[in-house]
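Below is one structure, written out as structure tokens; the observations come after it.
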Amino acid sequence: MIVFGIYNIKGGVGKTAASVNLSYLSSLDGYKILLWDLDPQGASSFYYEKELGNDASLKKIITGKVELRDIILDTDYRNLDIIPSDFSYRHMDTILDQVKKSKKRIKEALKDLKNEYDFIFLDCPPGISILAENIFHACDYILVPTVPTPLCERTYEQIISFFEEDELDASSVIPFFSMVDARKSIHQNMMKKLTREMPNLCHSAIPFLADIEKMGIYRKPLAEFNPKSKASASFKALWKEIEKKSSKHK
Ligand SMILES: Nc1ncnc2c1ncn2[C@@H]1O[C@H](COP(=O)(O)OP(=O)(O)OP(=O)(O)O)[C@@H](O)[C@H]1O
Ligand SMILES: [Mg+2]
């Protein structure tokens, strides 16, 4: 089992778009996949049209009173399961603050699923809170969608500093370019700069494309409603690269 967190301190950078498409594409390859939506916005849950059950309160999950395996739902797709979030996830930090070993609760909750899944994807909310620390401890790789702008350069540096200060393995941080507009000189220049500065940067980049926004209309991964599109191809290339990078773990 390999756990990927799709994470950035910054909001609106394409974390959910990547979570939905990477989880789906990996499931098409025959891997057994779980997507856990950790964001109270519930965007991944919305795309996959799934809702968290009433008996699955976040508090019970974090305190171990409910096991993750009992709240996992099937999606409409073979090999792909989901744990949806709901608005109660907004209390995540408060609940984590109240428990012992509070930085390792997500890791602990996932332990039980070790033999059930090949890959687990965590769609993470923005921010750097105790939940983010949980994500860093639980994940084998942190995938960081990075819009080629100074603000995303800054959040990448903040993530790396955090890893180093907490003695976490910064080599598990894998950035990839997201929402790239190749016509913008700022994007072109930042991409050149960041390619030099980011040791684990993926070669595959996700362009800024209207098809990706249309996922909200179809409520499906791209490869389901527009498999021949450039947008779909960009996520396929990214998945292949991430699959390869993570293969040393198996
Ligand atoms: N590559 C892209 N091209 C065009 N639009 C995109 C792209 N990626 C994401 N979007 C759109 O931008 C918005 C934000 O994307 P998304 O929800 O994936 O970001 P996020 O990082 O998960 O945001 P949040 O921090 O709020 O969770 C959405 O409306 C989405 O459809
Ligand atoms: Mg999101």
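Quick note on naming: the chains in the structure tokens go A, B, ... in the order shown, residues restart at 1 in each chain, and ligands are numbered from 1 in order of appearance.
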
Counting only C-alpha atoms and all ligand atoms, what are the residues, protein, DNA or RNA alike, that approach ligand 1 to within 8 Å? I want them as a ChimeraX atom specification. /A:7-8,10-19,39,41,43,123-126,145,178-180,206-216,231

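Take atom CA of A:Phe176 and atom CA of A:Pro84: the distance between them is 25.0 Å.
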
Using only C-alpha atoms, which protein or nucleic acid residues come within 12 Å of A:Lys192? Drop anything in the same chain fewer than 5 positions from it, and give the result as a PyMOL selection string. chain A and resi 148-149+177+182+185-187+197-198+201+203

Go ahead and write the selection's residues with N, CA, C and O atoms as a compact mmCIF listing (two decimals), in the first residue's frame.
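Contents of the output file result-v8.txt:
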# COMPACT_ATOMS: atom_id res chain seq x y z
N PRO A 148 2.69 27.77 -11.64
CA PRO A 148 4.00 28.43 -11.75
C PRO A 148 3.93 29.94 -11.49
O PRO A 148 3.97 30.76 -12.41
N THR A 149 3.77 30.28 -10.24
CA THR A 149 3.69 31.68 -9.80
C THR A 149 4.53 31.82 -8.53
O THR A 149 4.81 30.83 -7.85
N PHE A 177 3.57 20.76 -12.02
CA PHE A 177 2.95 22.01 -12.44
C PHE A 177 1.47 21.80 -12.73
O PHE A 177 1.08 20.80 -13.34
N ALA A 182 0.62 28.41 -20.85
CA ALA A 182 1.91 28.57 -21.53
C ALA A 182 2.01 29.91 -22.27
O ALA A 182 3.11 30.32 -22.64
N SER A 185 3.98 34.85 -19.87
CA SER A 185 5.44 34.82 -19.69
C SER A 185 5.80 34.52 -18.22
O SER A 185 6.80 33.88 -17.95
N ILE A 186 4.94 34.95 -17.30
CA ILE A 186 5.24 34.66 -15.88
C ILE A 186 5.27 33.14 -15.65
O ILE A 186 6.13 32.62 -14.94
N HIS A 187 4.34 32.42 -16.28
CA HIS A 187 4.34 30.97 -16.13
C HIS A 187 5.59 30.36 -16.77
O HIS A 187 6.25 29.51 -16.18
N GLU A 197 14.98 24.54 -9.35
CA GLU A 197 14.96 24.56 -7.87
C GLU A 197 14.31 23.34 -7.22
O GLU A 197 14.53 23.08 -6.05
N MET A 198 13.48 22.63 -7.99
CA MET A 198 12.71 21.53 -7.38
C MET A 198 13.28 20.18 -7.81
O MET A 198 13.07 19.75 -8.95
N LEU A 201 10.67 17.43 -9.16
CA LEU A 201 9.57 17.93 -10.02
C LEU A 201 9.21 16.92 -11.12
O LEU A 201 10.10 16.36 -11.77
N HIS A 203 7.98 15.82 -14.78
CA HIS A 203 8.08 16.43 -16.12
C HIS A 203 6.69 16.76 -16.66
O HIS A 203 6.52 17.72 -17.39

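Considering only C-alpha atoms, the residue among A:Phe235, A:Tyr48, A:Phe4, A:Tyr24 positioned nearest to A:Ser204 is A:Phe235.
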
Need the shell around A:Ile160: protein/DNA/RNA residues with any atom at most 8 Å away, counting only C-alpha atoms. Skip same-chain ones fewer than 4 positions apart. Format as a PyMOL selection string? chain A and resi 156+164+170+173

Can I get the selection written as a PDB file, in the first residue's frame, with N, CA and C atoms?
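Result saved to out_2.pdb:
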ATOM      1  N   TYR A 156       5.722  26.059  -1.684  1.00  0.00           N
ATOM      2  CA  TYR A 156       6.593  24.880  -1.810  1.00  0.00           C
ATOM      3  C   TYR A 156       7.762  24.995  -0.825  1.00  0.00           C
ATOM      4  N   GLU A 164      11.837  19.729   6.849  1.00  0.00           N
ATOM      5  CA  GLU A 164      13.189  19.690   7.418  1.00  0.00           C
ATOM      6  C   GLU A 164      13.170  19.950   8.918  1.00  0.00           C
ATOM      7  N   ALA A 170      12.076  15.028   3.184  1.00  0.00           N
ATOM      8  CA  ALA A 170      11.654  16.005   2.159  1.00  0.00           C
ATOM      9  C   ALA A 170      11.719  15.421   0.751  1.00  0.00           C
ATOM     10  N   VAL A 173       8.460  14.702  -1.123  1.00  0.00           N
ATOM     11  CA  VAL A 173       7.629  15.789  -1.656  1.00  0.00           C
ATOM     12  C   VAL A 173       7.833  15.867  -3.173  1.00  0.00           C
TER      13      VAL A 173
END

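Note that atom CA of A:Phe162 and atom CA of A:Glu108 are 21.4 Å apart.
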
For stretch 58-75 of chain A, find every residue with an atom within 10 Å (counting only C-alpha atoms), except residues of its own chain fewer than 2 positions away, and show them as a ChimeraX atom specification. /A:34-36,38,45,48-56,77-92,94-96,98-100,102,104-106,108-113,116

Mind pulling up the distance from atom CA of A:Ser44 to atom CA of A:Thr146? 18.8 Å

Please return, as a PyMOL selection string, all residues of stretch 90-205 of chain A that DSSP assigns to alpha helix (DSSP H) on the basis of the backbone. chain A and resi 92-98+105-111+130-138+150-165+185-197
